[in-house]
$ cat run21.csv   # CSV, C-alpha atoms and all ligand atoms
chain,number,residue,atom,x,y,z
A,946,MET,CA,6.2,1.9,-31.5
A,947,ALA,CA,6.2,4.1,-28.4
A,948,ASN,CA,7.5,7.7,-28.8
A,949,SER,CA,8.4,10.6,-26.5
A,950,SER,CA,4.8,12.0,-26.5
A,951,ASP,CA,3.6,8.5,-25.4
A,952,ARG,CA,5.8,8.8,-22.4
A,953,GLU,CA,4.6,12.3,-21.7
A,954,TYR,CA,0.9,11.4,-21.7
A,955,MET,CA,1.7,8.3,-19.7
A,956,SER,CA,3.4,10.5,-17.1
A,957,ARG,CA,0.2,12.5,-16.9
A,958,ALA,CA,-1.8,9.2,-16.4
A,959,LEU,CA,0.6,8.1,-13.6
A,960,TYR,CA,0.2,11.5,-12.0
A,961,LEU,CA,-3.6,11.1,-12.1
A,962,ALA,CA,-3.4,7.5,-10.7
A,963,ARG,CA,-1.5,8.8,-7.7
A,964,ARG,CA,-4.6,10.7,-6.7
A,965,GLY,CA,-6.1,7.4,-5.7
A,966,LEU,CA,-3.1,6.5,-3.5
A,967,HIS,CA,-5.1,6.5,-0.2
A,968,THR,CA,-8.6,5.5,-1.5
A,969,THR,CA,-8.7,2.7,-4.1
A,970,ASP,CA,-8.0,-0.2,-1.7
A,971,PRO,CA,-8.3,-3.2,-2.4
A,972,ASN,CA,-8.2,-2.1,-6.1
A,973,PRO,CA,-5.0,-0.7,-7.8
A,974,ARG,CA,-4.3,2.9,-8.4
A,975,VAL,CA,-5.0,3.6,-12.1
A,976,GLY,CA,-5.0,6.7,-14.2
A,977,CYS,CA,-6.1,7.3,-17.8
A,978,VAL,CA,-5.7,10.1,-20.4
A,979,LEU,CA,-7.4,10.3,-23.8
A,980,VAL,CA,-5.6,12.2,-26.5
A,981,ARG,CA,-6.9,13.2,-30.0
A,982,ASN,CA,-5.0,15.3,-32.5
A,983,GLY,CA,-2.4,16.2,-29.8
A,984,MET,CA,-5.0,17.5,-27.4
A,985,ILE,CA,-6.1,15.9,-24.1
A,986,VAL,CA,-9.8,15.3,-24.5
A,987,GLY,CA,-10.5,13.2,-21.4
A,988,GLU,CA,-8.9,12.3,-18.1
A,989,GLY,CA,-9.8,10.1,-15.2
A,990,TRP,CA,-8.5,8.0,-12.3
A,991,HIS,CA,-9.9,5.2,-10.2
A,992,GLN,CA,-11.1,6.6,-6.9
A,993,ARG,CA,-12.8,3.9,-4.9
A,994,ALA,CA,-13.5,0.2,-5.3
A,995,GLY,CA,-17.1,-0.3,-6.6
A,996,GLU,CA,-16.9,3.0,-8.5
A,997,PRO,CA,-16.0,3.4,-12.2
A,998,HIS,CA,-12.5,2.5,-13.3
A,999,ALA,CA,-10.1,5.2,-14.6
A,1000,GLU,CA,-11.0,4.5,-18.3
A,1001,ARG,CA,-14.7,5.1,-17.6
A,1002,HIS,CA,-14.1,8.5,-16.0
A,1003,ALA,CA,-11.9,9.5,-18.9
A,1004,LEU,CA,-14.5,8.3,-21.5
A,1005,ALA,CA,-17.2,10.2,-19.7
A,1006,THR,CA,-15.2,13.5,-19.9
A,1007,ALA,CA,-14.3,12.9,-23.5
A,1008,GLY,CA,-17.8,12.1,-24.8
A,1009,GLU,CA,-17.8,11.9,-28.6
A,1010,GLN,CA,-14.2,13.1,-28.8
A,1011,ALA,CA,-13.0,9.7,-27.7
A,1012,ARG,CA,-13.7,8.4,-31.2
A,1013,GLY,CA,-10.3,8.0,-33.0
A,1014,ALA,CA,-8.4,9.0,-29.8
A,1015,THR,CA,-5.4,7.3,-28.2
A,1016,CYS,CA,-6.0,6.0,-24.7
A,1017,TYR,CA,-3.1,6.1,-22.2
A,1018,VAL,CA,-3.7,3.9,-19.1
A,1019,THR,CA,-1.4,2.9,-16.3
A,1020,LEU,CA,-2.8,-0.6,-16.1
A,1021,GLU,CA,-4.2,-2.9,-18.8
A,1022,PRO,CA,-7.9,-2.3,-19.3
A,1023,CYS,CA,-9.9,-5.0,-17.6
A,1024,SER,CA,-11.8,-7.7,-19.5
A,1025,HIS,CA,-13.8,-9.1,-16.6
A,1026,THR,CA,-17.1,-8.1,-15.0
A,1027,GLY,CA,-16.4,-7.4,-11.4
A,1028,ARG,CA,-18.1,-4.6,-9.4
A,1029,THR,CA,-18.0,-2.8,-12.8
A,1030,GLY,CA,-18.2,-3.9,-16.5
A,1031,PRO,CA,-15.2,-4.5,-18.7
A,1032,CYS,CA,-13.2,-1.4,-19.6
A,1033,ALA,CA,-11.9,-3.0,-22.8
A,1034,ASP,CA,-15.4,-3.2,-24.1
A,1035,ALA,CA,-16.1,0.4,-23.2
A,1036,LEU,CA,-13.0,1.5,-25.1
A,1037,VAL,CA,-14.1,-0.5,-28.2
A,1038,GLU,CA,-17.6,0.9,-28.1
A,1039,ALA,CA,-16.3,4.5,-27.8
A,1040,GLY,CA,-14.2,4.0,-31.0
A,1041,VAL,CA,-10.8,4.5,-29.5
A,1042,ALA,CA,-8.1,4.0,-32.2
A,1043,ARG,CA,-5.1,3.1,-30.1
A,1044,VAL,CA,-4.4,2.0,-26.5
A,1045,VAL,CA,-1.1,2.4,-24.7
A,1046,ALA,CA,-0.9,0.6,-21.4
A,1047,ALA,CA,2.0,0.8,-18.9
A,1048,MET,CA,1.7,-2.8,-17.7
A,1049,GLN,CA,-0.4,-5.9,-17.9
A,1050,ASP,CA,-2.9,-6.5,-15.1
A,1051,PRO,CA,-1.5,-9.2,-12.8
A,1052,ASN,CA,-5.1,-10.0,-11.8
A,1053,PRO,CA,-5.6,-13.6,-13.1
A,1054,GLN,CA,-9.1,-12.6,-14.2
A,1055,VAL,CA,-7.5,-10.2,-16.7
A,1056,ALA,CA,-3.8,-11.1,-17.3
A,1057,GLY,CA,-3.5,-10.1,-20.9
A,1058,GLN,CA,-7.1,-10.8,-21.9
A,1059,GLY,CA,-8.0,-7.1,-21.9
A,1060,LEU,CA,-5.2,-6.2,-24.3
A,1061,ALA,CA,-6.2,-9.3,-26.5
A,1062,ARG,CA,-9.8,-8.1,-26.6
A,1063,LEU,CA,-8.7,-4.7,-27.8
A,1064,ARG,CA,-6.4,-6.2,-30.5
A,1065,ASP,CA,-9.2,-8.5,-31.7
A,1066,ALA,CA,-11.4,-5.4,-32.2
A,1067,GLY,CA,-8.8,-3.9,-34.5
A,1068,ILE,CA,-7.3,-1.4,-32.0
A,1069,GLU,CA,-3.6,-0.7,-32.1
A,1070,VAL,CA,-2.2,-1.8,-28.7
A,1071,GLU,CA,1.1,-1.2,-26.9
A,1072,CYS,CA,2.1,-2.3,-23.4
A,1073,GLY,CA,5.2,-1.4,-21.3
A,1074,VAL,CA,5.5,2.4,-21.5
A,1075,LEU,CA,6.9,3.7,-18.2
A,1076,GLU,CA,6.2,0.2,-16.8
A,1077,ASP,CA,8.7,0.6,-13.8
A,1078,ALA,CA,6.9,3.7,-12.6
A,1079,ALA,CA,3.5,2.0,-13.0
A,1080,ARG,CA,4.6,-1.1,-11.0
A,1081,ALA,CA,6.0,1.2,-8.2
A,1082,LEU,CA,2.6,2.7,-7.8
A,1083,ASN,CA,0.9,-0.6,-6.9
A,1084,PRO,CA,3.5,-2.9,-5.2
A,1085,GLY,CA,1.0,-4.4,-2.9
A,1086,PHE,CA,-1.7,-5.1,-5.5
A,1087,ILE,CA,0.9,-6.8,-7.8
A,1088,ARG,CA,2.4,-8.9,-4.9
A,1089,ARG,CA,-1.1,-10.0,-3.7
A,1090,MET,CA,-2.2,-11.0,-7.2
A,1091,GLU,CA,1.0,-12.8,-8.0
A,1092,GLN,CA,1.9,-14.4,-4.7
A,1093,GLY,CA,-1.1,-14.1,-2.4
A,1094,LEU,CA,0.9,-11.9,0.0
A,1095,PRO,CA,0.9,-8.1,0.7
A,1096,TRP,CA,3.8,-5.7,0.3
A,1097,VAL,CA,5.4,-5.2,3.7
A,1098,ARG,CA,7.0,-2.0,5.1
A,1099,VAL,CA,8.5,-1.9,8.6
A,1100,LYS,CA,8.7,1.6,10.1
A,1101,LEU,CA,11.5,2.2,12.6
A,1102,ALA,CA,12.7,5.2,14.5
A,1103,MET,CA,16.2,5.3,16.0
A,1104,SER,CA,18.9,7.6,17.4
A,1105,VAL,CA,22.1,8.1,15.5
A,1106,ASP,CA,23.6,5.3,17.7
A,1107,GLY,CA,20.9,3.0,16.5
A,1108,ARG,CA,18.8,2.9,19.7
A,1109,THR,CA,15.0,3.1,20.0
A,1110,ALA,CA,14.1,3.5,23.7
A,1111,MET,CA,15.7,3.6,27.1
A,1112,ALA,CA,16.2,0.3,28.9
A,1113,SER,CA,13.2,1.3,31.1
A,1114,GLY,CA,11.0,1.3,27.9
A,1115,GLU,CA,10.6,5.0,27.9
A,1116,SER,CA,10.5,5.9,24.2
A,1117,GLN,CA,8.1,8.6,23.2
A,1118,TRP,CA,9.1,11.5,21.0
A,1119,ILE,CA,12.3,10.2,19.6
A,1120,THR,CA,11.5,11.7,16.2
A,1121,GLY,CA,10.1,15.2,15.5
A,1122,ALA,CA,6.7,16.4,14.5
A,1123,GLU,CA,7.4,16.3,10.7
A,1124,ALA,CA,8.5,12.7,10.9
A,1125,ARG,CA,5.4,11.8,12.7
A,1126,GLU,CA,3.4,13.5,10.0
A,1127,ASP,CA,5.3,11.6,7.5
A,1128,VAL,CA,4.3,8.3,9.2
A,1129,GLN,CA,0.7,9.4,8.8
A,1130,ARG,CA,1.3,9.2,5.0
A,1131,LEU,CA,2.7,5.7,5.3
A,1132,ARG,CA,-0.4,4.7,7.3
A,1133,ALA,CA,-2.8,6.4,4.9
A,1134,ARG,CA,-1.5,4.3,1.9
A,1135,SER,CA,-1.5,1.1,3.9
A,1136,SER,CA,-4.4,-1.5,4.0
A,1137,ALA,CA,-3.4,-2.7,7.4
A,1138,ILE,CA,-1.1,-1.7,10.3
A,1139,VAL,CA,0.4,-4.6,12.3
A,1140,THR,CA,1.6,-4.1,15.9
A,1141,GLY,CA,2.3,-6.2,18.9
A,1142,ILE,CA,0.8,-6.5,22.3
A,1143,GLY,CA,4.0,-5.0,23.8
A,1144,THR,CA,3.5,-1.8,21.9
A,1145,VAL,CA,-0.2,-1.7,22.7
A,1146,LEU,CA,0.5,-2.0,26.5
A,1147,ALA,CA,3.5,0.3,26.5
A,1148,ASP,CA,2.4,3.1,24.2
A,1149,ALA,CA,-1.4,2.7,23.9
A,1150,PRO,CA,-1.3,3.9,20.2
A,1151,SER,CA,-4.5,4.4,18.2
A,1152,LEU,CA,-2.7,3.7,14.9
A,1153,THR,CA,-5.2,5.8,13.0
A,1154,VAL,CA,-4.9,8.1,10.1
A,1155,ARG,CA,-5.7,11.6,11.2
A,1156,PRO,CA,-7.3,13.9,8.5
A,1157,ALA,CA,-4.5,16.1,7.3
A,1158,THR,CA,-4.1,19.0,4.9
A,1159,TRP,CA,-2.3,16.8,2.3
A,1160,GLN,CA,-5.5,14.8,1.9
A,1161,PHE,CA,-7.5,17.9,1.0
A,1162,SER,CA,-5.7,19.1,-2.2
A,1163,ASP,CA,-7.0,20.6,-5.4
A,1164,TYR,CA,-9.0,17.5,-6.2
A,1165,GLY,CA,-11.3,17.9,-3.2
A,1166,PRO,CA,-11.5,16.2,0.2
A,1167,THR,CA,-11.1,12.5,0.3
A,1168,PRO,CA,-12.8,10.8,3.2
A,1169,VAL,CA,-10.2,9.2,5.4
A,1170,ARG,CA,-10.0,5.4,5.0
A,1171,GLN,CA,-8.8,3.8,8.2
A,1172,PRO,CA,-6.4,0.9,7.7
A,1173,LEU,CA,-7.3,-2.3,9.5
A,1174,ARG,CA,-5.4,-2.4,12.8
A,1175,VAL,CA,-3.9,-5.8,13.6
A,1176,VAL,CA,-2.6,-6.7,17.0
A,1177,LEU,CA,-0.5,-9.9,17.5
A,1178,ASP,CA,-1.5,-10.8,21.0
A,1179,ARG,CA,-0.7,-14.4,21.9
A,1180,ALA,CA,-2.2,-14.4,25.4
A,1181,LEU,CA,-5.0,-12.0,24.7
A,1182,ARG,CA,-3.8,-9.2,27.0
A,1183,THR,CA,-5.3,-6.3,25.0
A,1184,PRO,CA,-7.5,-4.3,27.3
A,1185,ALA,CA,-11.1,-3.9,25.9
A,1186,ASP,CA,-10.8,-0.1,26.3
A,1187,ALA,CA,-7.5,0.1,24.3
A,1188,ALA,CA,-7.3,2.9,21.7
A,1189,VAL,CA,-6.5,0.4,18.9
A,1190,ILE,CA,-10.0,-1.1,19.5
A,1191,GLN,CA,-11.9,2.0,20.4
A,1192,ALA,CA,-10.6,4.4,17.7
A,1193,ASP,CA,-12.3,4.9,14.3
A,1194,GLY,CA,-11.8,1.9,12.0
A,1195,GLU,CA,-11.6,-1.9,12.5
A,1196,CYS,CA,-9.3,-3.9,14.8
A,1197,LEU,CA,-8.3,-7.6,14.4
A,1198,ILE,CA,-6.6,-9.4,17.2
A,1199,LEU,CA,-4.6,-12.5,16.4
A,1200,THR,CA,-4.2,-14.8,19.3
A,1201,ALA,CA,-2.9,-18.3,20.0
A,1202,GLN,CA,-6.1,-19.7,21.3
A,1203,GLU,CA,-9.6,-18.7,22.4
A,1204,THR,CA,-9.5,-17.7,26.0
A,1205,SER,CA,-12.0,-16.2,28.5
A,1206,GLY,CA,-11.0,-12.7,27.5
A,1207,ALA,CA,-12.2,-13.0,23.9
A,1208,PRO,CA,-16.0,-12.2,24.4
A,1209,ALA,CA,-15.2,-8.9,26.1
A,1210,LEU,CA,-12.9,-7.9,23.2
A,1211,ARG,CA,-15.5,-8.8,20.7
A,1212,GLU,CA,-18.1,-6.9,22.7
A,1213,ALA,CA,-15.7,-3.9,22.5
A,1214,GLY,CA,-15.8,-4.2,18.7
A,1215,ALA,CA,-12.6,-6.1,17.9
A,1216,GLU,CA,-12.5,-9.3,15.8
A,1217,VAL,CA,-10.6,-12.0,17.6
A,1218,LEU,CA,-9.1,-14.9,15.6
A,1219,ALA,CA,-7.2,-17.8,17.2
A,1220,GLY,CA,-4.5,-19.6,15.2
A,1221,ASP,CA,-0.8,-20.3,14.8
A,1222,TRP,CA,0.3,-16.9,13.6
A,1223,SER,CA,3.8,-16.9,12.1
A,1224,PRO,CA,4.6,-13.7,10.2
A,1225,ARG,CA,3.9,-15.5,6.9
A,1226,GLN,CA,0.5,-16.7,8.2
A,1227,VAL,CA,-0.4,-13.3,9.4
A,1228,LEU,CA,0.4,-11.9,5.9
A,1229,ALA,CA,-1.4,-14.6,4.1
A,1230,GLU,CA,-4.5,-13.9,6.2
A,1231,LEU,CA,-4.3,-10.2,5.5
A,1232,ALA,CA,-3.8,-10.8,1.7
A,1233,ALA,CA,-6.9,-13.1,1.7
A,1234,ARG,CA,-8.8,-10.1,3.2
A,1235,GLY,CA,-7.7,-7.9,0.2
A,1236,CYS,CA,-4.8,-6.1,2.0
A,1237,ASN,CA,-2.3,-4.8,-0.5
A,1238,GLU,CA,0.3,-2.8,1.5
A,1239,VAL,CA,1.0,-3.6,5.2
A,1240,LEU,CA,2.8,-1.4,7.6
A,1241,VAL,CA,4.5,-2.9,10.6
A,1242,GLU,CA,4.7,-0.4,13.5
A,1243,ALA,CA,5.9,-2.4,16.4
A,1244,GLY,CA,8.7,-2.9,18.8
A,1245,ALA,CA,12.1,-4.5,18.1
A,1246,GLU,CA,10.9,-8.0,18.8
A,1247,LEU,CA,8.0,-8.2,16.4
A,1248,ALA,CA,9.8,-6.1,13.7
A,1249,GLY,CA,12.8,-8.4,14.1
A,1250,ALA,CA,10.6,-11.5,13.7
A,1251,PHE,CA,9.1,-10.2,10.5
A,1252,VAL,CA,12.6,-9.4,9.1
A,1253,ALA,CA,14.1,-12.7,10.3
A,1254,ALA,CA,11.2,-14.6,8.6
A,1255,GLY,CA,12.1,-13.0,5.3
A,1256,CYS,CA,8.7,-11.3,5.1
A,1257,VAL,CA,9.7,-7.6,4.8
A,1258,ASP,CA,10.1,-5.7,1.5
A,1259,GLU,CA,11.1,-2.3,2.8
A,1260,LEU,CA,12.5,-0.7,5.9
A,1261,VAL,CA,11.6,2.9,6.5
A,1262,VAL,CA,14.0,4.2,9.2
A,1263,TYR,CA,13.7,7.6,10.8
A,1264,MET,CA,17.0,8.7,12.3
A,1265,ALA,CA,16.6,11.3,15.1
A,1266,PRO,CA,19.5,13.6,15.9
A,1267,MET,CA,20.4,12.2,19.3
A,1268,LEU,CA,22.5,9.6,21.0
A,1269,LEU,CA,20.8,7.4,23.6
A,1270,GLY,CA,23.8,5.5,25.0
A,1271,SER,CA,24.7,1.8,25.2
A,1272,SER,CA,22.1,0.7,27.8
A,1273,ALA,CA,19.2,1.9,25.5
A,1274,ARG,CA,17.3,-0.7,23.4
A,1275,PRO,CA,18.6,-1.7,19.9
A,1276,LEU,CA,16.7,-1.1,16.7
A,1277,LEU,CA,15.7,-4.7,15.9
A,1278,ALA,CA,15.8,-8.0,17.8
A,1279,LEU,CA,17.4,-10.3,15.2
A,1280,PRO,CA,18.9,-13.7,16.0
A,1281,GLY,CA,22.7,-13.4,16.3
A,1282,LEU,CA,24.7,-14.2,13.2
A,1283,ASP,CA,28.0,-16.2,13.4
A,1284,ARG,CA,29.2,-15.5,9.9
A,1285,MET,CA,29.4,-12.4,7.8
A,1286,ALA,CA,28.0,-14.5,4.9
A,1287,ASP,CA,24.7,-14.6,6.8
A,1288,LYS,CA,24.2,-10.9,7.0
A,1289,TYR,CA,21.0,-9.2,5.8
A,1290,LEU,CA,21.6,-7.2,2.7
A,1291,LEU,CA,19.8,-3.9,2.2
A,1292,THR,CA,19.7,-1.6,-0.8
A,1293,LEU,CA,19.3,2.1,-0.1
A,1294,ARG,CA,16.4,3.4,-2.2
A,1295,ASP,CA,15.8,6.9,-0.8
A,1296,THR,CA,17.1,9.3,1.7
A,1297,ARG,CA,15.4,12.5,2.7
A,1298,GLN,CA,15.5,15.0,5.5
A,1299,VAL,CA,12.1,15.2,7.3
A,1300,GLY,CA,12.2,18.1,9.7
A,1301,VAL,CA,15.1,17.6,12.0
A,1302,ASP,CA,15.2,13.8,11.2
A,1303,LEU,CA,16.6,11.8,8.4
A,1304,ARG,CA,14.4,9.2,6.6
A,1305,LEU,CA,16.2,6.2,5.1
A,1306,CYS,CA,14.3,3.8,2.9
A,1307,TYR,CA,15.8,0.4,2.3
A,1308,ALA,CA,14.8,-2.6,0.2
A,1309,LEU,CA,15.5,-6.0,1.7
A,1310,ALA,CA,16.9,-8.7,-0.5
A,1311,PRO,CA,14.7,-11.8,-0.4
A,1312,ARG,CA,16.3,-14.6,1.8
A,1401,LIG,C1,-9.0,-1.0,-15.1
A,1401,LIG,N1,-9.1,0.3,-14.7
A,1401,LIG,O1,-9.2,1.9,-13.1
A,1401,LIG,C2,-8.9,-0.4,-12.4
A,1401,LIG,C3,-8.8,-1.7,-12.8
A,1401,LIG,O2,-14.3,-4.9,-8.9
A,1401,LIG,P1,-13.9,-4.1,-10.0
A,1401,LIG,O3,-14.9,-4.2,-11.1
A,1401,LIG,O4,-13.6,-2.7,-9.6
A,1401,LIG,O5,-12.6,-4.7,-10.6
A,1401,LIG,C4,-11.4,-4.7,-9.9
A,1401,LIG,C5,-10.3,-5.2,-10.8
A,1401,LIG,O6,-10.2,-4.4,-11.9
A,1401,LIG,C6,-8.9,-5.1,-10.1
A,1401,LIG,O7,-8.6,-6.3,-9.4
A,1401,LIG,C7,-8.0,-4.9,-11.3
A,1401,LIG,O8,-7.7,-6.2,-11.9
A,1401,LIG,C8,-8.8,-4.1,-12.2
A,1401,LIG,N2,-8.6,-2.7,-11.9
A,1401,LIG,N3,-8.8,-2.0,-14.1
A,1401,LIG,O9,-9.1,-1.3,-16.2
A,1401,LIG,C9,-9.0,0.7,-13.4
A,1401,LIG,N4,-8.9,0.0,-11.1
A,1402,ZN,ZN,-11.7,-1.7,-15.8
$ encode --input "run21.csv" --output "structure tokens" --more "lines below"
Ligand code: AOF
Ligand code: ZN
Amino acid sequence: MANSSDREYMSRALYLARRGLHTTDPNPRVGCVLVRNGMIVGEGWHQRAGEPHAERHALATAGEQARGATCYVTLEPCSHTGRTGPCADALVEAGVARVVAAMQDPNPQVAGQGLARLRDAGIEVECGVLEDAARALNPGFIRRMEQGLPWVRVKLAMSVDGRTAMASGESQWITGAEAREDVQRLRARSSAIVTGIGTVLADAPSLTVRPATWQFSDYGPTPVRQPLRVVLDRALRTPADAAVIQADGECLILTAQETSGAPALREAGAEVLAGDWSPRQVLAELAARGCNEVLVEAGAELAGAFVAAGCVDELVVYMAPMLLGSSARPLLALPGLDRMADKYLLTLRDTRQVGVDLRLCYALAPR
């Protein structure tokens, strides 16, 4: 049976797992704590794919003290041999007496087999301690493993009267510096950022993560991992010298068909892929490439298309303290609805003041 100190040590493991928030991709963020006689004897978290899992780091710091210890881990220990060997076997070998996991691994290669292997070896096993918090840490990894799709956030910025840009298209600097810094955090945790050709031509964004102080905390500098930049560009109008291609990191351009412009874009370093790119197909392609969390940073048309297609999990709306008037552009281009019954339902998950702006996070109900 789980007790209150189980929850306390699992909180610590979750805290450690968060240290991998920007770096573990495409792997999940996982933390681990080893406790013997009421003392923490080992700790670890997964840092980068290809490197040791959380349990291995914790076992390495505990050494002989792991014998007879309880292992708290935010994800079921793995049973498969991927880039690293099975953690379940390492825990058995180290002589751990009890394993408390927050959740099963949704990876079909594991899916309960890690816990079964531990039980078979005579280890006491519990699963489900602080499970909601553990699931919230890896929404994209879970979604990709269970449904072959990423977790999708749409970032929007608007005035208090729900406008995003002037009718002319003039739009820059609606939100303040703190909100823009906050968007950097959204980018840093994302595997990919999706935008449209309209935004590329109008704003020339680089869509990169800039190294920032919050990435250099007490656990040392983490090299910045640039999310894949994805441009939906039906007629291949992206200029070869566009910042989305030229900036640090990779750029994928999804177009309707191969045209004469493709070789120049490939020459410039972009990958160009022709296809029939509905929002769902775009997301399936990104999941197949190992993308867990996807951020849509686009104009009203593309953001609206993703929402209308039922492909969005979260809206992150920054509300700037200004009124832009009725001729300015609306937040989202959604098909008009005739009946109240057809409305999109949102659930407010979080509100926060970010500098002079307000950040509102909404979950979308599946349609
Ligand atoms: C754990 N502890 O810290 C992590 C786990 O390619 P590999 O060897 O790194 O395996 C990746 C898979 O291992 C990943 O898809 C997930 O199922 C599991 N991740 N498991 O026991 C960890 N990161
Ligand atoms: Zn493992």
$ closest_residue --input "run21.csv" --among "A:Arg1155, A:Arg1170, A:His998, A:Arg1012" --to "ligand ZN 1402 (chain A)" --atoms "all atoms listed in the file"
A:His998
$ closest_atom_pairs --input "run21.csv" --of "chain A" --to "ligand LIG 1401 (chain A)" --cutoff "10 Å" --atoms "all atoms listed in the file" --output "Markdown table"
| residue | atom | partner | partner_atom | distance |
| --- | --- | --- | --- | --- |
| A:Ala962 | CA | A:LIG1401 | O1 | 8.4 |
| A:Gly965 | CA | A:LIG1401 | N4 | 9.6 |
| A:Thr969 | CA | A:LIG1401 | N4 | 7.5 |
| A:Asp970 | CA | A:LIG1401 | N4 | 9.4 |
| A:Pro971 | CA | A:LIG1401 | O7 | 7.7 |
| A:Asn972 | CA | A:LIG1401 | C6 | 5.0 |
| A:Pro973 | CA | A:LIG1401 | N4 | 5.2 |
| A:Arg974 | CA | A:LIG1401 | N4 | 6.1 |
| A:Val975 | CA | A:LIG1401 | O1 | 4.6 |
| A:Gly976 | CA | A:LIG1401 | O1 | 6.5 |
| A:Cys977 | CA | A:LIG1401 | O1 | 7.8 |
| A:Gly989 | CA | A:LIG1401 | O1 | 8.5 |
| A:Trp990 | CA | A:LIG1401 | O1 | 6.2 |
| A:His991 | CA | A:LIG1401 | O1 | 4.4 |
| A:Gln992 | CA | A:LIG1401 | O1 | 8.0 |
| A:Arg993 | CA | A:LIG1401 | O4 | 8.1 |
| A:Ala994 | CA | A:LIG1401 | O4 | 5.2 |
| A:Gly995 | CA | A:LIG1401 | O4 | 5.2 |
| A:Glu996 | CA | A:LIG1401 | O4 | 6.7 |
| A:Pro997 | CA | A:LIG1401 | O1 | 7.0 |
| A:His998 | CA | A:LIG1401 | O1 | 3.4 |
| A:Ala999 | CA | A:LIG1401 | O1 | 3.7 |
| A:Glu1000 | CA | A:LIG1401 | N1 | 5.8 |
| A:Arg1001 | CA | A:LIG1401 | O1 | 7.8 |
| A:His1002 | CA | A:LIG1401 | O1 | 8.7 |
| A:Ala1003 | CA | A:LIG1401 | O1 | 9.9 |
| A:Val1018 | CA | A:LIG1401 | N1 | 7.8 |
| A:Thr1019 | CA | A:LIG1401 | N1 | 8.3 |
| A:Leu1020 | CA | A:LIG1401 | C1 | 6.3 |
| A:Glu1021 | CA | A:LIG1401 | O9 | 5.8 |
| A:Pro1022 | CA | A:LIG1401 | O9 | 3.5 |
| A:Cys1023 | CA | A:LIG1401 | O9 | 4.0 |
| A:Ser1024 | CA | A:LIG1401 | O9 | 7.7 |
| A:His1025 | CA | A:LIG1401 | O3 | 7.4 |
| A:Thr1026 | CA | A:LIG1401 | O3 | 5.9 |
| A:Gly1027 | CA | A:LIG1401 | O3 | 3.5 |
| A:Arg1028 | CA | A:LIG1401 | O3 | 3.6 |
| A:Thr1029 | CA | A:LIG1401 | O3 | 3.8 |
| A:Gly1030 | CA | A:LIG1401 | O3 | 6.3 |
| A:Pro1031 | CA | A:LIG1401 | O9 | 7.3 |
| A:Cys1032 | CA | A:LIG1401 | O9 | 5.3 |
| A:Ala1033 | CA | A:LIG1401 | O9 | 7.4 |
| A:Ala1046 | CA | A:LIG1401 | O9 | 9.9 |
| A:Gln1049 | CA | A:LIG1401 | O8 | 9.5 |
| A:Asp1050 | CA | A:LIG1401 | O8 | 5.8 |
| A:Pro1051 | CA | A:LIG1401 | O8 | 6.9 |
| A:Asn1052 | CA | A:LIG1401 | O8 | 4.6 |
| A:Pro1053 | CA | A:LIG1401 | O8 | 7.8 |
| A:Gln1054 | CA | A:LIG1401 | O8 | 6.9 |
| A:Val1055 | CA | A:LIG1401 | O8 | 6.3 |
| A:Ala1056 | CA | A:LIG1401 | O8 | 8.3 |
| A:Gly1059 | CA | A:LIG1401 | O9 | 8.2 |
| A:Phe1086 | CA | A:LIG1401 | O7 | 8.0 |
| A:Ile1087 | CA | A:LIG1401 | O8 | 9.5 |
| A:Met1090 | CA | A:LIG1401 | O7 | 8.2 |
| A:Gly1235 | CA | A:LIG1401 | O7 | 9.8 |
$ atom_distance --input "run21.csv" --atom1 "CA of Ile1138 (chain A)" --atom2 "CA of Met1111 (chain A)"
24.3 Å
$ residues_around --input "run21.csv" --residues "Val1262 (chain A)" --least-positions-apart "5" --cutoff "10 Å" --atoms "all atoms listed in the file" --output "list in words"
Val1099, Lys1100, Leu1101, Ala1102, Met1103, Leu1276, Thr1296, Asp1302, Leu1303, Arg1304, Leu1305, Cys1306 and Tyr1307 of chain A
$ closest_residue --input "run21.csv" --among "A:Ser1104, A:Ser1135, A:Gln1058, A:Thr1292" --to "ligand ZN 1402 (chain A)" --atoms "only C-alpha atoms and all ligand atoms"
A:Gln1058
